[in-house]
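Okay, structure-v5.txt now, which holds compact mmCIF, C-alpha atoms:
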```txt
# COMPACT_ATOMS: atom_id res chain seq x y z
CA MET A 1309 -10.11 7.32 -22.50
CA ILE A 1310 -7.47 7.22 -19.75
CA TYR A 1311 -7.76 4.68 -16.94
CA VAL A 1312 -6.07 4.79 -13.57
CA ARG A 1313 -5.62 2.30 -10.78
CA LYS A 1314 -6.84 3.27 -7.36
CA ASN A 1315 -5.56 0.98 -4.62
CA GLY A 1316 -5.18 -2.06 -6.72
CA HIS A 1317 -8.31 -1.56 -8.79
CA ILE A 1318 -9.54 0.20 -11.87
CA VAL A 1319 -11.32 3.49 -12.45
CA ARG A 1320 -11.83 5.62 -15.53
CA ALA A 1321 -10.20 9.04 -15.17
CA GLY A 1322 -12.91 11.62 -14.82
CA THR A 1323 -15.35 9.16 -13.23
CA VAL A 1324 -17.19 10.22 -10.09
CA ALA A 1325 -14.72 11.15 -7.40
CA LEU A 1326 -13.77 8.35 -5.09
CA CYS A 1327 -14.25 10.45 -1.99
CA GLY A 1328 -12.03 13.38 -2.69
CA ALA A 1329 -8.37 14.01 -2.21
CA LEU A 1330 -5.92 11.16 -1.92
CA LEU A 1331 -5.24 11.58 1.76
CA ALA A 1332 -8.63 12.80 2.87
CA ALA A 1333 -11.23 10.50 4.38
CA CYS A 1334 -14.88 10.74 3.48
CA SER A 1335 -17.96 9.43 5.22
CA GLY A 1336 -21.67 9.17 5.26
CA ALA A 1337 -22.10 8.10 1.63
CA GLY A 1338 -24.22 5.15 2.68
CA GLY A 1339 -26.23 6.83 5.36
CA ALA A 1340 -26.65 9.90 7.48
CA GLY A 1341 -23.11 9.93 8.81
CA GLY A 1342 -22.03 10.61 12.36
CA GLY A 1343 -23.07 7.28 13.84
CA SER A 1344 -25.71 8.69 16.21
CA GLY A 1345 -28.56 6.38 15.17
CA ALA A 1346 -29.89 3.55 17.33
CA HIS A 1347 -28.62 1.14 14.69
CA SER A 1348 -25.41 2.42 13.16
CA ILE A 1349 -22.16 0.85 12.02
CA ASN A 1350 -18.83 2.37 10.97
CA VAL A 1351 -17.10 0.93 7.92
CA LEU A 1352 -13.48 1.71 6.99
CA MET A 1353 -12.69 0.79 3.41
CA VAL A 1354 -10.38 1.23 0.45
CA ASN A 1355 -11.38 3.80 -2.17
CA ASN A 1356 -11.86 1.86 -5.37
CA PRO A 1357 -14.69 1.82 -7.93
CA GLN A 1358 -16.49 -1.21 -6.54
CA MET A 1359 -16.67 0.43 -3.12
CA ALA A 1360 -17.80 3.70 -4.69
CA ASP A 1361 -20.70 1.79 -6.24
CA LEU A 1362 -21.48 0.26 -2.86
CA GLN A 1363 -21.74 3.71 -1.29
CA LYS A 1364 -24.19 4.83 -3.94
CA LEU A 1365 -26.50 1.90 -3.27
CA THR A 1366 -26.29 1.47 0.51
CA ALA A 1367 -28.74 4.12 1.77
CA ASP A 1368 -31.58 3.27 -0.59
CA HIS A 1369 -31.16 -0.49 -0.63
CA PHE A 1370 -29.67 -1.49 2.74
CA THR A 1371 -30.47 1.23 5.25
CA LYS A 1372 -34.07 1.57 4.10
CA SER A 1373 -34.72 -2.14 4.50
CA THR A 1374 -32.82 -2.69 7.76
CA GLY A 1375 -32.84 0.67 9.53
CA ILE A 1376 -29.06 0.39 9.94
CA THR A 1377 -27.13 3.56 9.10
CA VAL A 1378 -23.72 2.92 7.54
CA ASN A 1379 -21.00 5.52 8.11
CA PHE A 1380 -18.20 5.05 5.59
CA THR A 1381 -14.62 6.24 5.97
CA VAL A 1382 -12.78 5.80 2.68
CA LEU A 1383 -9.01 6.07 2.12
CA PRO A 1384 -6.34 5.11 -0.44
CA GLU A 1385 -4.88 1.63 -0.02
CA ASN A 1386 -1.67 2.45 1.85
CA ASP A 1387 -3.49 4.86 4.16
CA VAL A 1388 -6.41 2.57 4.83
CA ARG A 1389 -4.09 -0.33 5.67
CA ASP A 1390 -2.30 1.83 8.23
CA LYS A 1391 -5.53 3.07 9.79
CA ILE A 1392 -7.07 -0.41 9.91
CA SER A 1393 -4.00 -1.94 11.54
CA GLN A 1394 -3.88 0.84 14.14
CA ASP A 1395 -7.55 0.59 15.07
CA PHE A 1396 -7.77 -3.18 15.01
CA ALA A 1397 -4.45 -3.68 16.83
CA SER A 1398 -5.57 -1.44 19.68
CA GLN A 1399 -9.09 -2.92 19.59
CA ALA A 1400 -10.32 0.63 19.93
CA GLY A 1401 -13.60 -0.34 18.31
CA GLN A 1402 -13.92 2.88 16.33
CA TYR A 1403 -14.72 0.84 13.23
CA ASP A 1404 -16.97 -2.20 13.18
CA ILE A 1405 -15.98 -3.40 9.71
CA ALA A 1406 -12.94 -2.89 7.51
CA THR A 1407 -11.81 -4.01 4.08
CA ILE A 1408 -8.93 -6.43 4.50
CA SER A 1409 -7.30 -8.78 2.02
CA ASN A 1410 -6.35 -12.43 2.12
CA TYR A 1411 -2.89 -11.27 3.18
CA GLU A 1412 -4.05 -9.54 6.37
CA THR A 1413 -6.90 -11.89 7.33
CA PRO A 1414 -4.94 -14.85 8.77
CA ILE A 1415 -2.43 -12.50 10.43
CA TYR A 1416 -5.16 -10.43 12.08
CA ALA A 1417 -7.00 -13.59 13.09
CA LYS A 1418 -3.90 -15.00 14.77
CA ASN A 1419 -3.49 -11.72 16.65
CA GLY A 1420 -7.06 -11.93 17.94
CA TRP A 1421 -8.20 -8.76 16.16
CA LEU A 1422 -11.10 -10.27 14.19
CA ALA A 1423 -14.46 -11.73 15.18
CA PRO A 1424 -14.98 -15.20 13.66
CA LEU A 1425 -17.79 -15.36 11.12
CA THR A 1426 -18.23 -19.12 10.71
CA ASP A 1427 -21.34 -19.49 12.89
CA ARG A 1428 -23.01 -16.40 11.45
CA ALA A 1429 -22.44 -17.61 7.90
CA LYS A 1430 -23.84 -21.06 8.73
CA ALA A 1431 -26.94 -19.56 10.36
CA ASP A 1432 -27.60 -17.27 7.38
CA SER A 1433 -28.85 -19.73 4.75
CA ALA A 1434 -29.72 -16.93 2.33
CA PHE A 1435 -26.06 -15.91 2.21
CA ASP A 1436 -25.10 -19.35 0.84
CA GLN A 1437 -21.54 -19.74 2.06
CA GLY A 1438 -21.17 -22.84 -0.10
CA ASP A 1439 -21.39 -20.64 -3.18
CA ILE A 1440 -18.13 -18.83 -2.33
CA LEU A 1441 -15.26 -20.00 -4.55
CA PRO A 1442 -13.20 -22.53 -2.56
CA ALA A 1443 -9.82 -20.83 -3.03
CA ILE A 1444 -11.25 -17.49 -1.87
CA GLN A 1445 -12.89 -19.05 1.19
CA GLU A 1446 -9.73 -20.95 2.09
CA SER A 1447 -7.67 -17.76 1.90
CA LEU A 1448 -9.96 -16.08 4.45
CA THR A 1449 -9.93 -19.01 6.87
CA ALA A 1450 -7.56 -19.53 9.80
CA SER A 1451 -7.45 -22.44 12.26
CA GLY A 1452 -10.71 -23.75 10.86
CA GLN A 1453 -12.60 -20.49 11.37
CA LEU A 1454 -13.81 -18.07 8.71
CA TYR A 1455 -12.68 -14.52 9.54
CA ALA A 1456 -13.72 -12.45 6.51
CA GLU A 1457 -16.20 -12.53 3.64
CA PRO A 1458 -15.10 -11.54 0.11
CA PHE A 1459 -16.49 -8.51 -1.68
CA TYR A 1460 -14.71 -9.50 -4.88
CA GLY A 1461 -11.68 -11.50 -5.94
CA GLU A 1462 -9.06 -11.62 -8.66
CA SER A 1463 -6.31 -13.79 -10.07
CA SER A 1464 -3.89 -12.97 -12.89
CA PHE A 1465 -3.76 -13.83 -16.57
CA LEU A 1466 -2.11 -12.80 -19.84
CA MET A 1467 -3.91 -10.28 -22.05
CA TYR A 1468 -2.97 -9.78 -25.70
CA ARG A 1469 -4.11 -7.87 -28.78
CA LYS A 1470 -5.81 -10.41 -31.04
CA ASP A 1471 -5.82 -8.03 -34.00
CA VAL A 1472 -2.10 -7.28 -33.69
CA PHE A 1473 -1.28 -10.99 -33.45
CA ALA A 1474 -3.40 -11.72 -36.51
CA ALA A 1475 -1.72 -8.96 -38.52
CA LYS A 1476 1.72 -10.27 -37.56
CA GLN A 1477 0.62 -13.90 -38.07
CA LEU A 1478 1.43 -14.72 -34.46
CA THR A 1479 -0.36 -17.47 -32.54
CA MET A 1480 -0.94 -17.30 -28.80
CA PRO A 1481 -0.88 -20.79 -27.24
CA ASP A 1482 -3.88 -21.77 -25.14
CA HIS A 1483 -1.54 -22.30 -22.18
CA PRO A 1484 1.66 -20.34 -22.87
CA THR A 1485 5.01 -20.78 -21.21
CA TRP A 1486 7.06 -17.75 -20.21
CA GLN A 1487 9.62 -18.56 -22.89
CA GLN A 1488 6.87 -18.57 -25.50
CA VAL A 1489 5.68 -15.21 -24.18
CA ALA A 1490 9.19 -13.79 -24.42
CA ASP A 1491 9.48 -15.00 -28.04
CA LEU A 1492 6.10 -13.45 -28.89
CA ALA A 1493 7.04 -10.18 -27.19
CA ALA A 1494 10.12 -9.93 -29.42
CA LYS A 1495 8.04 -10.54 -32.55
CA ALA A 1496 5.24 -8.15 -31.51
CA ASP A 1497 7.65 -5.37 -30.56
CA GLY A 1498 7.13 -2.61 -33.12
CA ALA A 1499 4.07 -4.26 -34.66
CA GLN A 1500 2.50 -0.81 -34.68
CA PRO A 1501 4.28 2.55 -34.42
CA GLY A 1502 5.50 2.99 -30.86
CA MET A 1503 4.12 -0.37 -29.71
CA LYS A 1504 6.20 -2.53 -27.36
CA GLY A 1505 5.87 -6.28 -27.02
CA ILE A 1506 4.66 -6.51 -23.42
CA CYS A 1507 3.88 -4.54 -20.29
CA LEU A 1508 5.13 -5.85 -16.94
CA ARG A 1509 5.12 -3.98 -13.66
CA GLY A 1510 8.41 -2.43 -12.62
CA GLN A 1511 7.21 -0.02 -9.95
CA PRO A 1512 8.55 -0.65 -6.43
CA GLY A 1513 6.12 -2.12 -3.90
CA TRP A 1514 5.29 -5.53 -2.45
CA GLY A 1515 1.91 -5.19 -4.15
CA GLU A 1516 3.37 -3.85 -7.41
CA VAL A 1517 6.43 -5.43 -9.07
CA VAL A 1518 6.80 -8.16 -6.44
CA ALA A 1519 3.34 -9.58 -7.21
CA PRO A 1520 4.00 -10.64 -10.83
CA VAL A 1521 7.67 -11.38 -10.17
CA THR A 1522 6.79 -13.84 -7.41
CA THR A 1523 4.43 -15.77 -9.69
CA VAL A 1524 7.31 -16.10 -12.16
CA VAL A 1525 9.59 -17.23 -9.33
CA ASN A 1526 7.05 -19.85 -8.26
CA THR A 1527 6.63 -21.41 -11.69
CA MET A 1528 10.36 -21.34 -12.41
CA GLY A 1529 11.07 -23.42 -9.33
CA GLY A 1530 11.94 -20.75 -6.79
CA THR A 1531 10.57 -19.62 -3.45
CA TRP A 1532 11.23 -16.88 -0.88
CA PHE A 1533 11.68 -19.48 1.88
CA ASP A 1534 11.80 -23.26 1.92
CA GLN A 1535 9.73 -25.33 4.35
CA ASP A 1536 12.40 -24.99 7.06
CA TRP A 1537 12.57 -21.20 6.80
CA THR A 1538 15.79 -21.14 4.83
CA ALA A 1539 15.89 -17.93 2.79
CA LYS A 1540 16.14 -18.60 -0.96
CA VAL A 1541 16.12 -15.13 -2.49
CA ASP A 1542 19.55 -15.54 -4.10
CA SER A 1543 19.03 -19.20 -5.05
CA PRO A 1544 19.62 -20.23 -8.69
CA GLU A 1545 15.89 -20.63 -9.29
CA PHE A 1546 14.93 -17.25 -7.83
CA THR A 1547 17.81 -15.62 -9.72
CA LYS A 1548 16.77 -17.27 -12.99
CA ALA A 1549 13.19 -16.01 -12.65
CA VAL A 1550 14.11 -12.43 -11.75
CA THR A 1551 16.78 -12.30 -14.47
CA PHE A 1552 14.21 -13.50 -17.01
CA TYR A 1553 11.66 -10.91 -15.87
CA VAL A 1554 14.15 -8.04 -15.82
CA ASN A 1555 15.59 -8.93 -19.23
CA LEU A 1556 12.13 -9.28 -20.77
CA VAL A 1557 10.87 -5.92 -19.57
CA ARG A 1558 14.16 -4.18 -20.44
CA SER A 1559 14.23 -5.69 -23.95
CA HIS A 1560 10.59 -5.57 -24.98
CA GLY A 1561 8.70 -3.84 -22.18
CA GLU A 1562 6.93 -0.53 -21.86
CA ALA A 1563 8.56 2.87 -21.73
CA GLY A 1564 9.24 4.04 -18.20
CA ALA A 1565 9.08 0.49 -16.87
CA PRO A 1566 10.81 1.20 -13.50
CA GLN A 1567 7.92 3.53 -12.61
CA ALA A 1568 5.17 1.47 -14.24
CA GLY A 1569 2.60 -0.23 -12.04
CA PHE A 1570 -0.87 -1.51 -12.74
CA THR A 1571 -2.18 1.95 -13.66
CA GLU A 1572 0.50 2.67 -16.22
CA CYS A 1573 0.21 -0.77 -17.85
CA LEU A 1574 -3.57 -0.45 -18.03
CA ASN A 1575 -3.21 2.90 -19.75
CA ASP A 1576 -0.55 1.53 -22.11
CA MET A 1577 -2.75 -1.43 -23.07
CA THR A 1578 -5.80 0.79 -23.51
CA GLN A 1579 -3.89 3.28 -25.67
CA GLY A 1580 -2.35 0.64 -27.93
CA LYS A 1581 1.19 1.10 -26.67
CA VAL A 1582 1.76 -2.59 -25.85
CA ALA A 1583 0.74 -5.86 -27.51
CA MET A 1584 0.58 -7.98 -24.32
CA TRP A 1585 0.13 -7.47 -20.61
CA TYR A 1586 0.39 -9.89 -17.69
CA ASP A 1587 -1.58 -8.69 -14.66
CA ALA A 1588 -4.78 -8.90 -12.61
CA THR A 1589 -7.96 -10.41 -14.01
CA SER A 1590 -9.83 -7.36 -12.70
CA ALA A 1591 -8.23 -5.31 -15.51
CA ALA A 1592 -10.49 -6.90 -18.09
CA GLY A 1593 -13.55 -4.95 -17.01
CA ALA A 1594 -11.85 -1.68 -17.94
CA LEU A 1595 -10.37 -2.98 -21.17
CA GLU A 1596 -13.79 -4.17 -22.32
CA ALA A 1597 -15.75 -1.19 -20.99
CA THR A 1598 -17.97 0.91 -23.23
CA GLY A 1599 -15.77 3.54 -24.84
CA SER A 1600 -12.53 1.60 -24.48
CA PRO A 1601 -10.63 1.75 -27.79
CA VAL A 1602 -9.49 -1.85 -27.37
CA ALA A 1603 -12.83 -3.38 -26.38
CA GLY A 1604 -13.34 -6.60 -28.31
CA LYS A 1605 -9.71 -6.69 -29.44
CA ILE A 1606 -8.22 -8.44 -26.39
CA GLY A 1607 -7.63 -12.14 -25.90
CA TYR A 1608 -7.19 -13.72 -22.45
CA VAL A 1609 -5.14 -16.82 -21.63
CA PRO A 1610 -3.90 -18.32 -18.34
CA ALA A 1611 -0.87 -16.96 -16.53
CA PRO A 1612 2.29 -18.25 -18.24
CA VAL A 1613 4.04 -21.22 -16.65
CA GLU A 1614 7.28 -23.18 -16.74
CA GLU A 1615 7.46 -25.92 -14.08
CA THR A 1616 3.96 -25.68 -12.61
CA LYS A 1617 0.52 -26.33 -14.12
CA SER A 1618 -0.76 -22.88 -13.18
CA SER A 1619 0.79 -19.68 -11.83
CA GLY A 1620 -1.94 -17.09 -11.37
CA TRP A 1621 -2.07 -15.15 -8.12
CA LEU A 1622 -4.98 -14.83 -5.68
CA TYR A 1623 -6.28 -11.63 -4.12
CA THR A 1624 -9.53 -10.56 -2.55
CA TRP A 1625 -10.87 -7.47 -0.85
CA ALA A 1626 -13.01 -8.78 1.97
CA TRP A 1627 -15.00 -7.61 4.99
CA GLY A 1628 -13.56 -8.25 8.45
CA VAL A 1629 -15.33 -7.46 11.73
CA GLN A 1630 -13.29 -6.00 14.57
CA LYS A 1631 -13.46 -8.30 17.59
CA ALA A 1632 -14.08 -5.30 19.87
CA SER A 1633 -17.11 -4.18 17.85
CA LYS A 1634 -20.30 -3.81 19.88
CA ASN A 1635 -22.40 -3.98 16.74
CA GLN A 1636 -21.52 -7.40 15.38
CA ASP A 1637 -25.11 -8.42 14.58
CA ASP A 1638 -25.64 -5.30 12.46
CA ALA A 1639 -22.15 -5.70 10.98
CA TRP A 1640 -23.03 -9.19 9.77
CA LYS A 1641 -26.27 -7.94 8.21
CA PHE A 1642 -24.26 -5.44 6.18
CA ILE A 1643 -21.68 -8.04 5.12
CA SER A 1644 -24.39 -10.54 4.20
CA TRP A 1645 -25.99 -7.90 1.99
CA ALA A 1646 -22.81 -6.48 0.42
CA SER A 1647 -21.29 -9.87 -0.38
CA GLY A 1648 -24.55 -11.61 -1.23
CA LYS A 1649 -26.07 -12.74 -4.52
CA ASP A 1650 -28.83 -10.16 -4.30
CA TYR A 1651 -26.28 -7.36 -4.18
CA GLU A 1652 -24.67 -8.61 -7.38
CA ASN A 1653 -28.09 -8.60 -9.03
CA LEU A 1654 -28.70 -5.09 -7.70
CA VAL A 1655 -25.46 -3.80 -9.23
CA GLY A 1656 -26.26 -5.52 -12.50
CA THR A 1657 -29.71 -4.00 -12.80
CA GLN A 1658 -28.86 -0.57 -11.39
CA LEU A 1659 -25.34 0.06 -12.69
CA GLY A 1660 -24.70 -2.50 -15.42
CA TRP A 1661 -23.66 -6.15 -15.33
CA SER A 1662 -20.05 -5.43 -16.24
CA LYS A 1663 -19.72 -3.60 -12.90
CA VAL A 1664 -20.69 -6.58 -10.74
CA PRO A 1665 -18.05 -7.20 -8.02
CA ALA A 1666 -17.25 -10.68 -9.31
CA GLY A 1667 -14.56 -13.25 -8.59
CA LYS A 1668 -16.06 -14.62 -5.38
CA ARG A 1669 -19.15 -16.72 -6.15
CA THR A 1670 -19.62 -19.75 -8.37
CA SER A 1671 -23.16 -18.63 -9.20
CA THR A 1672 -21.89 -15.40 -10.76
CA TYR A 1673 -20.42 -17.40 -13.62
CA GLY A 1674 -23.73 -19.18 -14.14
CA ASN A 1675 -25.66 -15.93 -14.37
CA PRO A 1676 -26.49 -15.48 -18.06
CA LYS A 1677 -26.76 -11.69 -17.77
CA TYR A 1678 -23.31 -11.36 -16.22
CA VAL A 1679 -21.73 -13.90 -18.55
CA ALA A 1680 -23.16 -12.07 -21.57
CA ALA A 1681 -21.81 -8.72 -20.38
CA ALA A 1682 -18.41 -10.20 -19.49
CA SER A 1683 -18.25 -12.80 -22.24
CA ALA A 1684 -14.73 -11.82 -23.29
CA PHE A 1685 -13.18 -12.59 -19.92
CA ALA A 1686 -15.66 -14.27 -17.54
CA SER A 1687 -14.64 -17.86 -18.19
CA ALA A 1688 -10.93 -16.99 -18.23
CA THR A 1689 -11.30 -15.26 -14.87
CA LYS A 1690 -13.21 -18.16 -13.34
CA ASP A 1691 -10.66 -20.65 -14.66
CA ALA A 1692 -7.84 -18.59 -13.15
CA LEU A 1693 -9.54 -18.38 -9.77
CA THR A 1694 -10.34 -22.08 -9.62
CA ALA A 1695 -6.81 -23.11 -10.65
CA VAL A 1696 -4.98 -21.33 -7.83
CA ASP A 1697 -3.55 -23.13 -4.80
CA PRO A 1698 -2.37 -20.63 -2.13
CA GLY A 1699 -0.93 -23.38 0.03
CA ASN A 1700 1.11 -24.97 -2.75
CA PRO A 1701 1.88 -22.46 -5.51
CA GLY A 1702 5.31 -23.76 -6.50
CA VAL A 1703 7.36 -26.92 -6.78
CA GLN A 1704 8.29 -27.27 -3.10
CA PRO A 1705 6.51 -27.06 0.29
CA ARG A 1706 6.24 -23.58 1.82
CA PRO A 1707 6.32 -22.49 5.48
CA ALA A 1708 3.48 -19.97 5.02
CA PRO A 1709 0.56 -19.59 2.59
CA GLY A 1710 0.45 -17.10 -0.25
CA ILE A 1711 1.06 -17.00 -3.99
CA GLN A 1712 2.25 -13.48 -4.83
CA PHE A 1713 3.23 -12.83 -1.22
CA VAL A 1714 4.42 -14.74 1.84
CA GLY A 1715 1.73 -14.75 4.50
CA ILE A 1716 3.80 -13.35 7.38
CA PRO A 1717 3.70 -9.87 8.95
CA GLU A 1718 7.30 -9.13 7.95
CA PHE A 1719 6.60 -9.49 4.24
CA THR A 1720 5.31 -5.96 3.80
CA ASP A 1721 8.74 -4.62 4.69
CA LEU A 1722 10.77 -7.44 3.12
CA GLY A 1723 8.82 -7.39 -0.13
CA THR A 1724 8.99 -3.62 -0.39
CA GLN A 1725 12.76 -3.53 0.13
CA VAL A 1726 13.39 -6.29 -2.41
CA SER A 1727 11.02 -4.60 -4.86
CA GLN A 1728 13.14 -1.47 -4.74
CA GLN A 1729 16.20 -3.48 -5.72
CA ILE A 1730 14.39 -5.26 -8.56
CA SER A 1731 13.05 -1.95 -9.86
CA ALA A 1732 16.59 -0.58 -9.78
CA ALA A 1733 17.74 -3.57 -11.83
CA ILE A 1734 15.02 -2.86 -14.40
CA ALA A 1735 16.29 0.73 -14.52
CA GLY A 1736 19.83 -0.56 -15.11
CA LYS A 1737 21.10 0.92 -11.86
CA THR A 1738 22.12 -2.40 -10.33
CA SER A 1739 22.56 -6.00 -11.40
CA VAL A 1740 20.09 -8.74 -10.58
CA ALA A 1741 22.80 -10.53 -8.63
CA ASP A 1742 23.46 -7.50 -6.44
CA ALA A 1743 19.75 -6.83 -6.05
CA LEU A 1744 19.09 -10.36 -4.81
CA LYS A 1745 22.19 -10.42 -2.62
CA ALA A 1746 20.75 -7.49 -0.69
CA GLY A 1747 17.36 -9.20 -0.63
CA GLN A 1748 18.85 -12.44 0.68
CA ALA A 1749 20.36 -10.69 3.68
CA ARG A 1750 16.99 -9.19 4.58
CA ALA A 1751 15.21 -12.50 4.03
CA GLU A 1752 17.68 -14.29 6.29
CA ALA A 1753 16.93 -11.83 9.08
CA VAL A 1754 13.23 -12.57 8.68
CA ALA A 1755 13.84 -16.32 8.57
CA ASP A 1756 15.79 -16.21 11.81
CA LYS A 1757 12.68 -14.90 13.58
CA HIS A 1758 10.60 -17.86 12.41
CA LYS A 1759 12.99 -20.78 12.76
CA GLY A 1760 12.11 -22.96 15.69
CA GLN A 1761 8.70 -21.40 16.24
```
Give the structure from the file, written as structure tokens.
Amino acid sequence: MIYVRKNGHIVRAGTVALCGALLAACSGAGGAGGGSGAHSINVLMVNNPQMADLQKLTADHFTKSTGITVNFTVLPENDVRDKISQDFASQAGQYDIATISNYETPIYAKNGWLAPLTDRAKADSAFDQGDILPAIQESLTASGQLYAEPFYGESSFLMYRKDVFAAKQLTMPDHPTWQQVADLAAKADGAQPGMKGICLRGQPGWGEVVAPVTTVVNTMGGTWFDQDWTAKVDSPEFTKAVTFYVNLVRSHGEAGAPQAGFTECLNDMTQGKVAMWYDATSAAGALEATGSPVAGKIGYVPAPVEETKSSGWLYTWAWGVQKASKNQDDAWKFISWASGKDYENLVGTQLGWSKVPAGKRTSTYGNPKYVAAASAFASATKDALTAVDPGNPGVQPRPAPGIQFVGIPEFTDLGTQVSQQISAAIAGKTSVADALKAGQARAEAVADKHKGQ
């Protein structure tokens, strides 16, 4: 079975269409569509499997009980981000709710584009805000106010083939260092015909190669900016981390690494082409899915470290309400349902417990039905999510929050440009030193905008 990644998340190729062509929107999957009802809300969201499940369940389980029609517009990640930023920036009010991440939430909140949700969450005792994982809640909070509610969350960990390691008499440490991983990758390389030691993203993009690279930078003592907004992209620590990453993927990484992102690594791991893979915890659901040729063969350990105790990233797709929305009461009812415990139980009973949008609630990991279905990775995922510290992910103070990104508007452009240089280094088209020299110049320009603010 081939798996692909749609907008940062996993879907089996050939599964129900996630709303058609890549650039085409779709709507009405959760209700009548058109927004003409007395109680109607418009939701703009990313097209991934968890949201596709939500669409299937909304009309029969939300609209029927509340009378609120939900009109969905669904787009690929890059397109949906553009459309959300345009609509929310103009406060046009076309969409009441949108899927935003922990990167956008504090930025949008500062710009005054989001309606605060703190009071609504407190008043809704059934929602149980206290059940939300602390790191997730913190990442969606700005200036003491909650501005989004998580639909699901993820961190990162190391996945490895237990059977391959046993055959080669290799032992995976409970808490590996990156050097140990590199040594294991060299020994596992060629363990089976055509198998490489490890898969690491090399595809350009601030959400692709930069995500894992930045976690390596953090744990090896580096940072994009120090507390005083001094750019550190060409510092010895940053250079050491990127050099290590590039050398590892060039020596023992997957074929076609400069073009490999999450999708390609997931496919390589599923097809037995790599012995290890460092990436998102959300990958485990696909690896362990019914029909996966590697189900039951994968081990999961924390993200590798060097100078820090943990190094996993933090990401969540969450619901934000546009401040200009005239339907905020109905919008909250939808969010309370979609991010609530009862919705998780609904997915478990209707679609299967392995499909629960997890990674956001403590209670999920105390649910025996979910834990049984996700026994291979549930505890490892929870441990990863509870170990993260977005405000202090490295060895020095930071000027902005974020683990695999820097929580400033300029990072989308800065991260993307640096990612292109790192990908070129993986391809052997430039040196790491030249790649980071170009990145340093761009980072200094960004730093100049923030110094003295």
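Picture a line from atom CA of Val1582 of chain A to atom CA of Phe1465 of chain A; it runs 15.6 Å.
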Across A:Val1351, A:Gly1420, A:Gly1529, A:Gln1630, the smallest distance to Ser1543 of chain A, with only C-alpha atoms counted, is shown by A:Gly1529
Can you tell me, as a PyMOL selection string, which residues sit within 10 Å of (22.3, -11.7, -5.6) in the file's frame, using only C-alpha atoms? chain A and resi 1541-1544+1546-1547+1739-1749
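Taking atom CA of Thr1522 of chain A as the reference point, atom CA of Tyr1468 of chain A is found at 21.1 Å.
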Box for segment 1522-1537 of chain A - axis-aligned, 3 Å on each of the six sides, all listed atoms - centre and size in Å to one decimal, as AutoDock Vina command-line options.
```
--center_x 8.5 --center_y -19.6 --center_z -2.7 --size_x 14.1 --size_y 17.5 --size_z 25.5
```
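Within 12 Å of Tyr1651 of chain A, once all atoms listed in the file are used and residues closer than 6 positions along the same chain are dropped, the contacting residues are A:Gln1358, A:Asp1361, A:Leu1362, A:Leu1365, A:Thr1366, A:His1369, A:Phe1370, A:Phe1435, A:Phe1459, A:Tyr1460, A:Phe1642, A:Ile1643, A:Ser1644, A:Trp1645, A:Thr1657, A:Gln1658, A:Leu1659, A:Trp1661, A:Lys1663, A:Val1664, A:Pro1665, A:Ala1666, A:Arg1669, A:Thr1672.
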Contacts of His1758 of chain A at 12 Å (all atoms listed in the file; same-chain gap of 2+ positions) as JSON, numbers by chain: {"A": [1533, 1534, 1535, 1536, 1537, 1538, 1539, 1707, 1708, 1716, 1717, 1718, 1751, 1752, 1753, 1754, 1755, 1756, 1760, 1761]}
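Closest to Gly1699 of chain A among A:Ala1494, A:Ala1632, A:Leu1622, A:Leu1466 is A:Leu1622, based on only C-alpha atoms.
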Excluding Ile1405 of chain A and its own-chain neighbours fewer than 3 positions away, which residues fall within 8 Å of it when counting all atoms listed in the file? Please give them as a count of residues only. 9
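For the choices A:Ala1732, A:Gln1712, A:Ser1451, A:Leu1722, the atom-to-atom distance to Gln1567 of chain A is smallest for A:Ala1732 when using all atoms listed in the file.
Relative to atom CA of Tyr1623 of chain A, atom CA of Ala1443 of chain A is found at 9.9 Å.
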